[in-house]
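coords38.txt follows; it contains compact mmCIF, C-alpha atoms.
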# COMPACT_ATOMS: atom_id res chain seq x y z
CA MET A 1 -55.11 78.84 -166.46
CA ARG A 2 -56.08 80.60 -163.24
CA THR A 3 -58.61 82.68 -165.25
CA MET A 4 -60.22 79.53 -166.74
CA LYS A 5 -60.58 77.94 -163.31
CA LYS A 6 -62.16 81.12 -161.98
CA SER A 7 -64.55 81.21 -164.93
CA MET A 8 -65.47 77.56 -164.46
CA SER A 9 -66.04 78.17 -160.75
CA ILE A 10 -68.41 81.03 -161.54
CA LEU A 11 -70.20 78.86 -164.11
CA LEU A 12 -70.58 75.99 -161.66
CA ALA A 13 -71.87 78.39 -159.01
CA LEU A 14 -74.45 79.74 -161.43
CA ILE A 15 -75.58 76.23 -162.37
CA LEU A 16 -75.85 75.36 -158.69
CA VAL A 17 -77.95 78.48 -157.97
CA ILE A 18 -80.21 77.79 -160.95
CA SER A 19 -80.59 74.15 -159.90
CA LEU A 20 -81.44 75.08 -156.32
CA THR A 21 -83.92 77.72 -157.52
CA ALA A 22 -85.56 75.21 -159.84
CA CYS A 23 -85.76 72.67 -157.03
CA GLY A 24 -87.29 75.30 -154.79
CA LYS A 25 -89.91 76.14 -157.40
CA SER A 26 -90.63 72.47 -157.96
CA ASP A 27 -91.08 71.90 -154.23
CA GLN A 28 -93.39 74.90 -153.94
CA LYS A 29 -95.48 73.68 -156.84
CA SER A 30 -95.81 70.16 -155.48
CA THR A 31 -96.76 71.51 -152.06
CA ALA A 32 -99.43 73.77 -153.57
CA GLU A 33 -100.80 70.93 -155.68
CA GLU A 34 -100.76 68.56 -152.73
CA GLY A 35 -103.42 70.50 -150.82
CA PHE A 36 -104.80 68.48 -147.91
CA VAL A 37 -102.17 66.39 -146.13
CA PRO A 38 -103.47 63.56 -143.92
CA ALA A 39 -102.47 63.84 -140.28
CA LYS A 40 -103.56 60.33 -139.26
CA ASP A 41 -102.72 56.81 -140.32
CA THR A 42 -104.36 56.59 -143.77
CA ASN A 43 -105.04 52.88 -143.25
CA VAL A 44 -107.27 53.52 -140.25
CA SER A 45 -110.74 51.96 -140.39
CA CYS A 46 -113.56 54.01 -138.96
CA ASN A 47 -117.20 55.02 -139.34
CA ILE A 48 -117.96 58.74 -139.30
CA ARG A 49 -121.64 59.41 -138.82
CA ILE A 50 -123.19 62.74 -139.80
CA ALA A 51 -126.76 63.73 -138.91
CA GLY A 52 -128.93 66.42 -140.48
CA GLY A 53 -132.41 67.30 -141.65
CA TYR A 54 -131.99 67.04 -145.44
CA ASP A 55 -133.82 64.18 -147.15
CA ASN A 56 -130.68 63.56 -149.17
CA PHE A 57 -127.27 65.13 -149.26
CA GLU A 58 -125.60 64.10 -152.51
CA ALA A 59 -123.17 67.02 -152.35
CA LEU A 60 -121.81 65.74 -149.03
CA GLU A 61 -121.49 62.25 -150.49
CA VAL A 62 -119.18 63.72 -153.14
CA GLU A 63 -117.01 65.07 -150.32
CA PHE A 64 -117.08 61.63 -148.71
CA ASP A 65 -115.69 60.16 -151.92
CA ARG A 66 -112.96 62.81 -152.06
CA PHE A 67 -112.03 62.15 -148.42
CA ASN A 68 -111.80 58.42 -149.21
CA GLU A 69 -108.99 59.19 -151.65
CA TYR A 70 -106.91 59.92 -148.56
CA TYR A 71 -108.58 57.52 -146.13
CA PRO A 72 -109.90 54.58 -148.18
CA ASN A 73 -111.02 52.63 -145.11
CA ALA A 74 -113.06 55.46 -143.62
CA GLU A 75 -116.79 54.95 -144.02
CA LEU A 76 -118.87 58.11 -143.85
CA VAL A 77 -122.61 57.84 -143.40
CA TYR A 78 -125.22 60.58 -143.54
CA THR A 79 -128.49 60.06 -141.67
CA LYS A 80 -131.60 62.19 -141.90
CA VAL A 81 -133.31 62.87 -138.56
CA ASP A 82 -137.05 63.56 -138.77
CA ASP A 83 -138.22 66.75 -137.04
CA TYR A 84 -134.53 67.58 -136.79
CA ASN A 85 -134.68 70.83 -134.82
CA ASN A 86 -136.72 69.28 -132.02
CA MET A 87 -135.07 65.86 -132.06
CA ILE A 88 -131.34 66.54 -132.39
CA GLY A 89 -130.91 67.04 -128.62
CA THR A 90 -132.49 63.66 -127.93
CA VAL A 91 -130.35 62.03 -130.63
CA LEU A 92 -127.17 63.49 -129.16
CA ASP A 93 -128.08 62.21 -125.72
CA GLY A 94 -128.72 58.70 -127.08
CA ASN A 95 -126.43 55.70 -127.48
CA ASP A 96 -126.15 56.08 -131.26
CA ALA A 97 -125.19 59.76 -131.34
CA PRO A 98 -123.57 61.14 -134.52
CA ASP A 99 -119.95 62.23 -134.70
CA ILE A 100 -120.80 65.36 -136.71
CA TYR A 101 -124.18 67.05 -136.80
CA VAL A 102 -125.95 70.04 -138.32
CA ASN A 103 -126.33 73.06 -136.08
CA TYR A 104 -127.79 76.56 -136.43
CA SER A 105 -126.78 79.92 -134.97
CA TRP A 106 -130.34 80.68 -133.90
CA MET A 107 -130.21 77.71 -131.51
CA TYR A 108 -127.50 79.42 -129.47
CA GLY A 109 -128.81 80.93 -126.24
CA ARG A 110 -132.16 79.08 -126.34
CA ASP A 111 -132.85 76.59 -123.54
CA GLN A 112 -134.79 74.36 -125.92
CA TYR A 113 -131.64 73.72 -127.96
CA LYS A 114 -129.07 73.82 -125.16
CA SER A 115 -128.06 70.20 -125.74
CA SER A 116 -127.18 70.93 -129.36
CA ILE A 117 -124.74 73.62 -128.22
CA ASP A 118 -123.43 71.81 -125.15
CA HIS A 119 -122.43 68.73 -127.15
CA ALA A 120 -120.39 70.79 -129.62
CA GLU A 121 -116.63 70.83 -129.60
CA ASN A 122 -114.84 74.20 -129.79
CA LEU A 123 -113.86 74.30 -133.46
CA ALA A 124 -111.78 77.45 -132.90
CA ASP A 125 -109.18 75.40 -131.01
CA PRO A 126 -105.94 75.97 -132.98
CA ALA A 127 -104.92 72.37 -132.30
CA LEU A 128 -107.65 71.18 -134.69
CA GLY A 129 -106.05 72.98 -137.63
CA LEU A 130 -109.29 74.12 -139.33
CA ASP A 131 -108.74 76.83 -141.95
CA LEU A 132 -111.31 79.23 -140.49
CA ASP A 133 -109.66 82.15 -142.29
CA CYS A 134 -111.17 80.94 -145.57
CA ILE A 135 -114.67 81.69 -144.23
CA ARG A 136 -116.24 85.16 -144.16
CA SER A 137 -115.77 86.20 -140.55
CA ASN A 138 -119.14 87.94 -140.29
CA ILE A 139 -121.04 84.64 -140.55
CA LEU A 140 -119.08 82.89 -137.80
CA LEU A 141 -121.09 82.63 -134.60
CA ASN A 142 -120.03 85.09 -131.92
CA THR A 143 -120.47 83.37 -128.56
CA ASP A 144 -120.21 84.92 -125.11
CA ASP A 145 -117.20 82.77 -124.16
CA GLY A 146 -115.37 83.09 -127.49
CA THR A 147 -115.73 79.42 -128.43
CA LEU A 148 -116.97 78.27 -131.83
CA PRO A 149 -119.47 75.42 -131.48
CA MET A 150 -120.30 75.33 -135.19
CA VAL A 151 -118.82 76.33 -138.52
CA PRO A 152 -120.77 77.27 -141.68
CA VAL A 153 -120.59 74.91 -144.64
CA PHE A 154 -123.20 76.89 -146.59
CA SER A 155 -124.37 80.49 -146.39
CA ASN A 156 -127.60 82.20 -147.39
CA THR A 157 -128.97 85.57 -148.39
CA TYR A 158 -132.02 87.22 -149.94
CA GLY A 159 -132.23 88.50 -153.49
CA MET A 160 -133.89 87.96 -156.83
CA LEU A 161 -133.44 85.69 -159.80
CA VAL A 162 -133.09 87.71 -163.00
CA ASN A 163 -133.88 86.51 -166.51
CA GLN A 164 -130.89 87.87 -168.39
CA LYS A 165 -132.44 87.05 -171.74
CA ILE A 166 -135.34 89.43 -171.12
CA PHE A 167 -133.06 92.23 -169.93
CA ASP A 168 -130.86 91.84 -173.01
CA LYS A 169 -133.82 91.64 -175.36
CA GLU A 170 -135.36 94.84 -174.02
CA GLY A 171 -132.05 96.69 -173.74
CA LEU A 172 -132.31 97.16 -169.97
CA SER A 173 -129.76 96.75 -167.20
CA VAL A 174 -130.25 94.91 -163.94
CA PRO A 175 -131.02 97.63 -161.35
CA THR A 176 -128.60 98.40 -158.52
CA THR A 177 -130.54 101.23 -156.79
CA TYR A 178 -134.18 101.67 -155.84
CA LYS A 179 -134.59 104.45 -158.38
CA GLU A 180 -133.28 102.15 -161.09
CA LEU A 181 -135.62 99.38 -159.91
CA LEU A 182 -138.64 101.65 -160.28
CA GLU A 183 -137.47 102.81 -163.71
CA VAL A 184 -136.87 99.25 -164.89
CA CYS A 185 -140.25 98.04 -163.64
CA LYS A 186 -141.98 100.95 -165.39
CA ALA A 187 -140.09 100.22 -168.61
CA PHE A 188 -141.04 96.55 -168.49
CA ARG A 189 -144.72 97.37 -167.93
CA GLU A 190 -144.65 99.73 -170.91
CA LYS A 191 -143.16 96.90 -172.97
CA GLY A 192 -146.02 94.57 -172.06
CA TYR A 193 -144.62 92.71 -169.04
CA ASP A 194 -147.50 92.77 -166.57
CA ASN A 195 -145.39 91.36 -163.71
CA PRO A 196 -141.88 92.80 -163.83
CA MET A 197 -141.14 91.46 -160.35
CA MET A 198 -142.79 88.55 -158.59
CA GLY A 199 -142.35 86.46 -155.45
CA PHE A 200 -144.14 84.29 -152.92
CA THR A 201 -146.75 86.16 -150.85
CA LYS A 202 -148.69 83.61 -148.78
CA SER A 203 -146.61 83.54 -145.61
CA GLU A 204 -144.23 85.95 -143.98
CA THR A 205 -141.00 83.94 -143.62
CA THR A 206 -139.72 84.24 -147.18
CA SER A 207 -142.37 86.41 -148.76
CA VAL A 208 -141.40 88.93 -151.42
CA PHE A 209 -142.06 91.57 -148.76
CA THR A 210 -139.56 90.12 -146.28
CA LEU A 211 -136.94 89.40 -148.93
CA SER A 212 -137.19 92.94 -150.27
CA ILE A 213 -137.28 94.91 -147.04
CA TYR A 214 -134.99 92.88 -144.78
CA PRO A 215 -131.74 94.40 -146.13
CA PHE A 216 -133.28 97.87 -145.70
CA PHE A 217 -134.28 97.08 -142.10
CA CYS A 218 -130.79 95.78 -141.25
CA ASN A 219 -129.33 99.03 -142.55
CA THR A 220 -131.56 101.11 -140.28
CA VAL A 221 -130.42 99.41 -137.04
CA ALA A 222 -126.94 98.09 -137.88
CA ASN A 223 -125.10 100.72 -135.83
CA ASP A 224 -127.66 101.29 -133.09
CA GLU A 225 -126.96 99.04 -130.09
CA GLU A 226 -129.88 100.46 -128.12
CA ALA A 227 -132.27 99.68 -130.97
CA VAL A 228 -130.97 96.11 -131.23
CA ARG A 229 -131.30 95.62 -127.46
CA LYS A 230 -134.91 96.80 -127.44
CA LEU A 231 -135.81 94.86 -130.56
CA ASN A 232 -134.38 91.64 -129.11
CA SER A 233 -136.10 92.10 -125.75
CA LEU A 234 -139.42 92.68 -127.57
CA ASP A 235 -139.77 96.06 -125.90
CA ALA A 236 -143.05 97.59 -127.04
CA SER A 237 -141.32 100.87 -127.88
CA ALA A 238 -139.05 99.07 -130.36
CA GLY A 239 -141.84 99.19 -132.93
CA GLU A 240 -140.63 102.68 -133.81
CA TYR A 241 -137.37 101.17 -135.09
CA VAL A 242 -139.42 99.16 -137.58
CA ARG A 243 -141.46 102.14 -138.79
CA PRO A 244 -139.02 103.22 -141.56
CA SER A 245 -139.13 99.70 -143.00
CA LEU A 246 -142.92 99.60 -142.82
CA GLU A 247 -143.13 102.92 -144.64
CA LYS A 248 -140.70 101.65 -147.25
CA ILE A 249 -142.59 98.41 -147.94
CA ALA A 250 -145.87 100.33 -148.22
CA ALA A 251 -144.27 102.69 -150.77
CA PHE A 252 -142.73 99.72 -152.57
CA MET A 253 -146.15 98.16 -153.06
CA ASP A 254 -147.66 101.49 -154.13
CA ASP A 255 -144.88 101.99 -156.69
CA GLY A 256 -146.29 99.10 -158.72
CA CYS A 257 -143.29 96.78 -158.98
CA VAL A 258 -145.29 93.85 -157.59
CA ASP A 259 -148.73 92.65 -158.67
CA LEU A 260 -150.09 91.14 -155.44
CA ASN A 261 -152.89 89.19 -157.13
CA ALA A 262 -150.51 87.56 -159.61
CA CYS A 263 -148.06 86.68 -156.85
CA ASP A 264 -150.82 85.13 -154.74
CA GLU A 265 -151.15 82.44 -157.41
CA ILE A 266 -147.72 81.06 -156.47
CA GLU A 267 -148.40 78.18 -154.08
CA ASP A 268 -145.07 77.81 -152.29
CA ASN A 269 -141.72 79.56 -151.86
CA TYR A 270 -139.64 76.83 -153.50
CA ASP A 271 -140.93 74.56 -156.26
CA ALA A 272 -143.70 76.89 -157.43
CA VAL A 273 -141.47 79.97 -157.36
CA ILE A 274 -138.85 78.26 -159.52
CA LEU A 275 -141.26 76.80 -162.05
CA ARG A 276 -143.12 80.12 -162.37
CA PHE A 277 -139.83 81.87 -163.08
CA PHE A 278 -138.93 79.24 -165.68
CA LYS A 279 -142.01 80.13 -167.73
CA GLY A 280 -139.70 82.80 -169.10
CA ASP A 281 -141.94 85.87 -168.93
CA ILE A 282 -140.82 87.22 -165.52
CA PRO A 283 -137.80 89.56 -165.50
CA MET A 284 -137.23 89.35 -161.72
CA MET A 285 -138.30 86.81 -159.08
CA ALA A 286 -137.61 87.47 -155.38
CA CYS A 287 -136.40 84.44 -153.43
CA SER A 288 -133.82 83.21 -150.96
CA GLY A 289 -130.60 81.34 -151.61
CA ASP A 290 -132.35 78.17 -150.44
CA THR A 291 -134.76 78.48 -153.35
CA VAL A 292 -131.94 79.18 -155.80
CA SER A 293 -130.37 75.86 -154.81
CA GLY A 294 -133.28 74.03 -156.43
CA THR A 295 -133.16 75.73 -159.82
CA LYS A 296 -130.73 73.48 -161.67
CA LYS A 297 -132.66 70.28 -160.92
CA ARG A 298 -135.93 71.87 -162.03
CA GLU A 299 -134.79 73.09 -165.43
CA SER A 300 -135.68 69.67 -166.82
CA ARG A 301 -139.11 69.80 -165.20
CA SER A 302 -140.16 72.99 -166.95
CA GLU A 303 -141.55 72.49 -170.46
CA GLU A 304 -141.21 76.23 -171.09
CA PHE A 305 -137.57 76.29 -170.04
CA ILE A 306 -136.74 73.20 -172.10
CA ALA A 307 -138.37 74.79 -175.17
CA ASP A 308 -136.73 78.20 -174.64
CA PRO A 309 -133.84 78.10 -172.14
CA PHE A 310 -132.28 81.31 -170.84
CA GLU A 311 -129.41 82.49 -168.67
CA TYR A 312 -130.28 83.55 -165.15
CA SER A 313 -128.46 84.59 -162.01
CA PHE A 314 -129.14 85.68 -158.44
CA VAL A 315 -128.58 89.32 -157.45
CA PRO A 316 -129.38 91.63 -154.50
CA ILE A 317 -132.74 93.42 -154.50
CA PRO A 318 -132.01 97.18 -154.64
CA ILE A 319 -134.39 98.67 -152.10
CA SER A 320 -132.25 101.71 -151.31
CA ASP A 321 -130.85 104.55 -153.41
CA ASP A 322 -127.54 104.09 -151.58
CA GLY A 323 -126.96 100.88 -153.52
CA VAL A 324 -127.52 97.20 -152.87
CA THR A 325 -127.07 95.46 -149.54
CA PHE A 326 -125.77 91.93 -149.13
CA VAL A 327 -127.39 90.44 -146.03
CA ASP A 328 -124.89 87.71 -145.27
CA MET A 329 -126.18 84.82 -143.17
CA PRO A 330 -124.93 81.34 -142.28
CA ASN A 331 -127.13 78.55 -143.58
CA LEU A 332 -126.15 75.01 -142.69
CA GLN A 333 -123.43 74.62 -140.04
CA PHE A 334 -121.54 71.59 -138.80
CA SER A 335 -120.62 70.75 -135.21
CA VAL A 336 -118.42 67.94 -133.93
CA ASN A 337 -119.83 65.93 -131.04
CA LYS A 338 -117.24 66.36 -128.31
CA ASN A 339 -118.44 63.12 -126.72
CA SER A 340 -117.85 61.11 -129.87
CA SER A 341 -115.67 58.04 -129.50
CA ASN A 342 -114.54 58.75 -133.07
CA ARG A 343 -113.71 62.38 -132.45
CA ASP A 344 -110.18 62.37 -133.90
CA MET A 345 -111.32 61.17 -137.32
CA ALA A 346 -114.39 63.42 -137.23
CA ASN A 347 -112.02 66.35 -136.73
CA GLU A 348 -109.81 65.07 -139.53
CA PHE A 349 -112.79 65.11 -141.90
CA MET A 350 -113.63 68.64 -140.75
CA ARG A 351 -110.02 69.71 -141.37
CA PHE A 352 -110.35 68.28 -144.88
CA LEU A 353 -113.72 69.97 -145.50
CA ILE A 354 -113.09 73.44 -144.07
CA THR A 355 -110.98 74.82 -146.92
CA SER A 356 -111.90 77.12 -149.79
CA LYS A 357 -111.53 74.30 -152.30
CA GLU A 358 -113.82 71.80 -150.59
CA LEU A 359 -116.41 74.26 -149.28
CA ASN A 360 -116.72 75.85 -152.74
CA GLU A 361 -117.10 72.43 -154.32
CA LEU A 362 -119.69 71.40 -151.73
CA ALA A 363 -121.67 74.61 -152.31
CA ARG A 364 -121.46 74.29 -156.08
CA ASN A 365 -122.79 70.73 -155.98
CA LYS A 366 -125.60 71.67 -153.58
CA GLY A 367 -126.46 74.88 -155.44
CA LEU A 368 -126.14 77.02 -152.31
CA MET A 369 -123.92 80.01 -151.60
CA SER A 370 -120.44 79.19 -150.33
CA PRO A 371 -119.36 80.58 -146.93
CA THR A 372 -115.87 81.34 -148.28
CA LYS A 373 -114.43 84.77 -148.98
CA ASP A 374 -114.34 84.33 -152.76
CA LEU A 375 -117.74 84.08 -154.48
CA SER A 376 -116.45 84.74 -157.98
CA PHE A 377 -116.08 81.02 -158.74
CA ASN A 378 -119.88 80.64 -159.08
CA SER A 379 -121.59 82.88 -161.64
CA MET A 380 -124.95 82.34 -159.93
CA TYR A 381 -123.83 84.24 -156.81
CA ALA A 382 -120.99 86.35 -158.22
CA ALA A 383 -123.00 89.60 -157.94
CA PHE A 384 -122.95 89.31 -154.14
CA GLY A 385 -119.18 88.96 -154.20
CA ASN A 386 -119.02 92.34 -155.95
CA VAL A 387 -120.87 94.19 -153.17
CA PRO A 388 -118.42 96.49 -151.34
CA GLN A 389 -117.66 95.76 -147.70
CA SER A 390 -119.72 98.79 -146.66
CA GLY A 391 -122.77 97.15 -148.20
CA ILE A 392 -122.40 93.79 -146.40
CA LEU A 393 -124.42 93.29 -143.23
CA SER A 394 -124.90 90.22 -141.07
CA PRO A 395 -127.42 89.55 -138.27
CA GLU A 396 -124.58 87.64 -136.56
CA VAL A 397 -122.61 90.88 -136.28
CA ILE A 398 -125.54 93.22 -135.70
CA GLY A 399 -126.78 90.95 -132.94
CA LEU A 400 -130.40 90.60 -134.05
CA THR A 401 -132.13 87.52 -132.68
CA ASP A 402 -134.75 85.37 -134.35
CA ASP A 403 -137.33 86.63 -131.84
CA ALA A 404 -136.91 90.18 -133.16
CA LEU A 405 -136.92 89.09 -136.79
CA ILE A 406 -140.23 87.26 -136.31
CA GLN A 407 -141.77 90.58 -135.23
CA VAL A 408 -140.32 92.40 -138.23
CA ARG A 409 -141.43 89.74 -140.72
CA GLN A 410 -144.97 89.62 -139.36
CA SER A 411 -145.48 93.37 -139.26
CA VAL A 412 -143.99 93.89 -142.73
CA PHE A 413 -146.15 91.10 -144.14
CA LEU A 414 -149.39 92.51 -142.75
CA VAL A 415 -148.64 96.10 -143.76
CA ALA A 416 -147.60 95.08 -147.28
CA ARG A 417 -150.87 93.22 -147.71
CA ASP A 418 -152.72 96.25 -146.33
CA GLU A 419 -154.22 94.15 -143.52
CA ILE A 420 -153.11 96.55 -140.77
CA SER A 421 -151.87 100.14 -140.75
CA ILE A 422 -148.30 101.19 -140.12
CA ASP A 423 -149.27 102.77 -136.80
CA GLU A 424 -151.01 99.58 -135.70
CA ALA A 425 -148.00 97.45 -136.66
CA VAL A 426 -145.68 99.74 -134.68
CA ALA A 427 -147.95 99.57 -131.64
CA ARG A 428 -148.19 95.78 -131.80
CA TYR A 429 -144.43 95.12 -131.80
CA GLY A 430 -143.63 92.26 -129.44
CA THR A 431 -147.08 90.69 -129.69
CA PHE A 432 -146.81 88.97 -133.06
CA THR A 433 -146.52 85.16 -133.02
CA LYS A 434 -145.27 82.74 -135.64
Before we go any further, please render this structure as structure tokens.
Amino acid sequence: MRTMKKSMSILLALILVISLTACGKSDQKSTAEEGFVPAKDTNVSCNIRIAGGYDNFEALEVEFDRFNEYYPNAELVYTKVDDYNNMIGTVLDGNDAPDIYVNYSWMYGRDQYKSSIDHAENLADPALGLDLDCIRSNILLNTDDGTLPMVPVFSNTYGMLVNQKIFDKEGLSVPTTYKELLEVCKAFREKGYDNPMMGFTKSETTSVFTLSIYPFFCNTVANDEEAVRKLNSLDASAGEYVRPSLEKIAAFMDDGCVDLNACDEIEDNYDAVILRFFKGDIPMMACSGDTVSGTKKRESRSEEFIADPFEYSFVPIPISDDGVTFVDMPNLQFSVNKNSSNRDMANEFMRFLITSKELNELARNKGLMSPTKDLSFNSMYAAFGNVPQSGILSPEVIGLTDDALIQVRQSVFLVARDEISIDEAVARYGTFTK
């Protein structure tokens, strides 16, 4: 009898342990599935106003709808501000200032945009509860006082669209080193492809020259603080730090990957670049992530693509034999207006948005690169997620300013087009204007 009671006690104990374990697992599952948990009264009525420069922002409207599942009485409104970069300071100083607004890292430290920075709340404040760890740390703005006035909701980089159908048809692999790029371009020319690689060539900002050489340039100065200091101060002697990049772009053009005359027929770096690529006869098309964001909507505008669709993706341009470089840059960033009368709910929306799940969904809907640590969810940008940490560089970390990059872009553009010599470009560093 005593043995039976002991056995039953053991059995009951086991059942209890199993039940508690099951309950624990169930609780963990429900917590994981729950995701965002509202911190405010979900019945609150409010208007959250967001200002930016986009003509439309459908991807953000999707996030509004998702936020309304938690806060059904919250009205979120996006407003486009004309001439945004010059007008946002005036808007923030006005009576109808937004609660959340678009900001850019390059505005930091410039007197002209001081108001845009001064109005921004410190989003690194732990009390706000933003999941900043989900964002790649190298694209977060490094400020002198350690505050975070803005947080990336999209990121950007330079690379090339590749027509996978052509590569498969010709039995070639997408190049990952400069040597492979030259070999692939030569193979394509021998197979009758007159323009193995194309890109926009009519202005310096996102020309095929800038897109190709910028990762190479970043590599040459990434670990040289003195070089960065001189480049940023527009020191005339800093031209020598650009020389290796100028020599590289000149060699790149001489190596025959790019037909300058054919590229000059492309009228702009967005619509025309995409539609030219969709003709289906170009293996590789240099562009930025901003351009990539417009591809999906333009598939239906290309008669050639409709008649003969193909798979395509965005990959780094291999300009070095050491492998590809992922130049990681913030794109669009959000700030919260610290003077907003609706600041608590603006922060609540930001807490909802700044998670891997929502940022990835926002980026997917907009067609831009996500700022989160995992890029594998989007096949368009997955190749950049495979670049090893040693191959990832960011101007935010290097410390290069837009003033220096203007000089690099201009000199590279003119040398690539053979309008000035390398020596002349080096000597003119600091004198180039937009």
Check your understanding: With all atoms listed in the file as the basis for distance, which of A:Pro152, A:Thr42, A:Asn142, A:Phe209 is at the shortest distance from A:Leu353?
Key ->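 Selected residue with least distance to A:Leu353: A:Pro152.
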Any chance you could work out the axis-aligned box around stretch 112-129 of chain A, listed atoms only, 5 Å on each side, giving centre and edge lengths in Å to one decimal, as lines of an AutoDock Vina configuration file?
center_x = -119.9
center_y = 73.1
center_z = -131.4
size_x = 39.9
size_y = 18.7
size_z = 22.5
Point to revise | atom CA of A:Ser421 to atom CA of A:Ile406, distance in Å rounded to a single decimal | key: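 It comes out at 17.9 Å.
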Exercise for review: Around the point (-129.9, 96.6, -167.9), in the coordinates given by the file, pick out the residues reaching within 12 Å, counting only C-alpha atoms, and return them as an MDAnalysis selection string.
Suggested key: chainID A and resid 162:176 180:181 183:185 187:188 283
Exercise for review: Can you pull out every residue within 10 Å of A:Ile88, counting all atoms listed in the file, but drop anything in the same chain fewer than 6 positions away, and send it as a ChimeraX atom specification?
Suggested key: /A:51-53,81-82,94,97-98,101-103,113,115-116
Restricting it to C-alpha atoms, dump the selection as an mmCIF file, in the coordinates of the input.
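Saved as part21.cif:
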data_model
loop_
_atom_site.group_PDB
_atom_site.id
_atom_site.type_symbol
_atom_site.label_atom_id
_atom_site.label_comp_id
_atom_site.auth_asym_id
_atom_site.auth_seq_id
_atom_site.Cartn_x
_atom_site.Cartn_y
_atom_site.Cartn_z
ATOM 1 C CA ALA A 51 -126.760 63.730 -138.910
ATOM 2 C CA GLY A 52 -128.930 66.420 -140.480
ATOM 3 C CA GLY A 53 -132.410 67.300 -141.650
ATOM 4 C CA VAL A 81 -133.310 62.870 -138.560
ATOM 5 C CA ASP A 82 -137.050 63.560 -138.770
ATOM 6 C CA GLY A 94 -128.720 58.700 -127.080
ATOM 7 C CA ALA A 97 -125.190 59.760 -131.340
ATOM 8 C CA PRO A 98 -123.570 61.140 -134.520
ATOM 9 C CA TYR A 101 -124.180 67.050 -136.800
ATOM 10 C CA VAL A 102 -125.950 70.040 -138.320
ATOM 11 C CA ASN A 103 -126.330 73.060 -136.080
ATOM 12 C CA TYR A 113 -131.640 73.720 -127.960
ATOM 13 C CA SER A 115 -128.060 70.200 -125.740
ATOM 14 C CA SER A 116 -127.180 70.930 -129.360
#
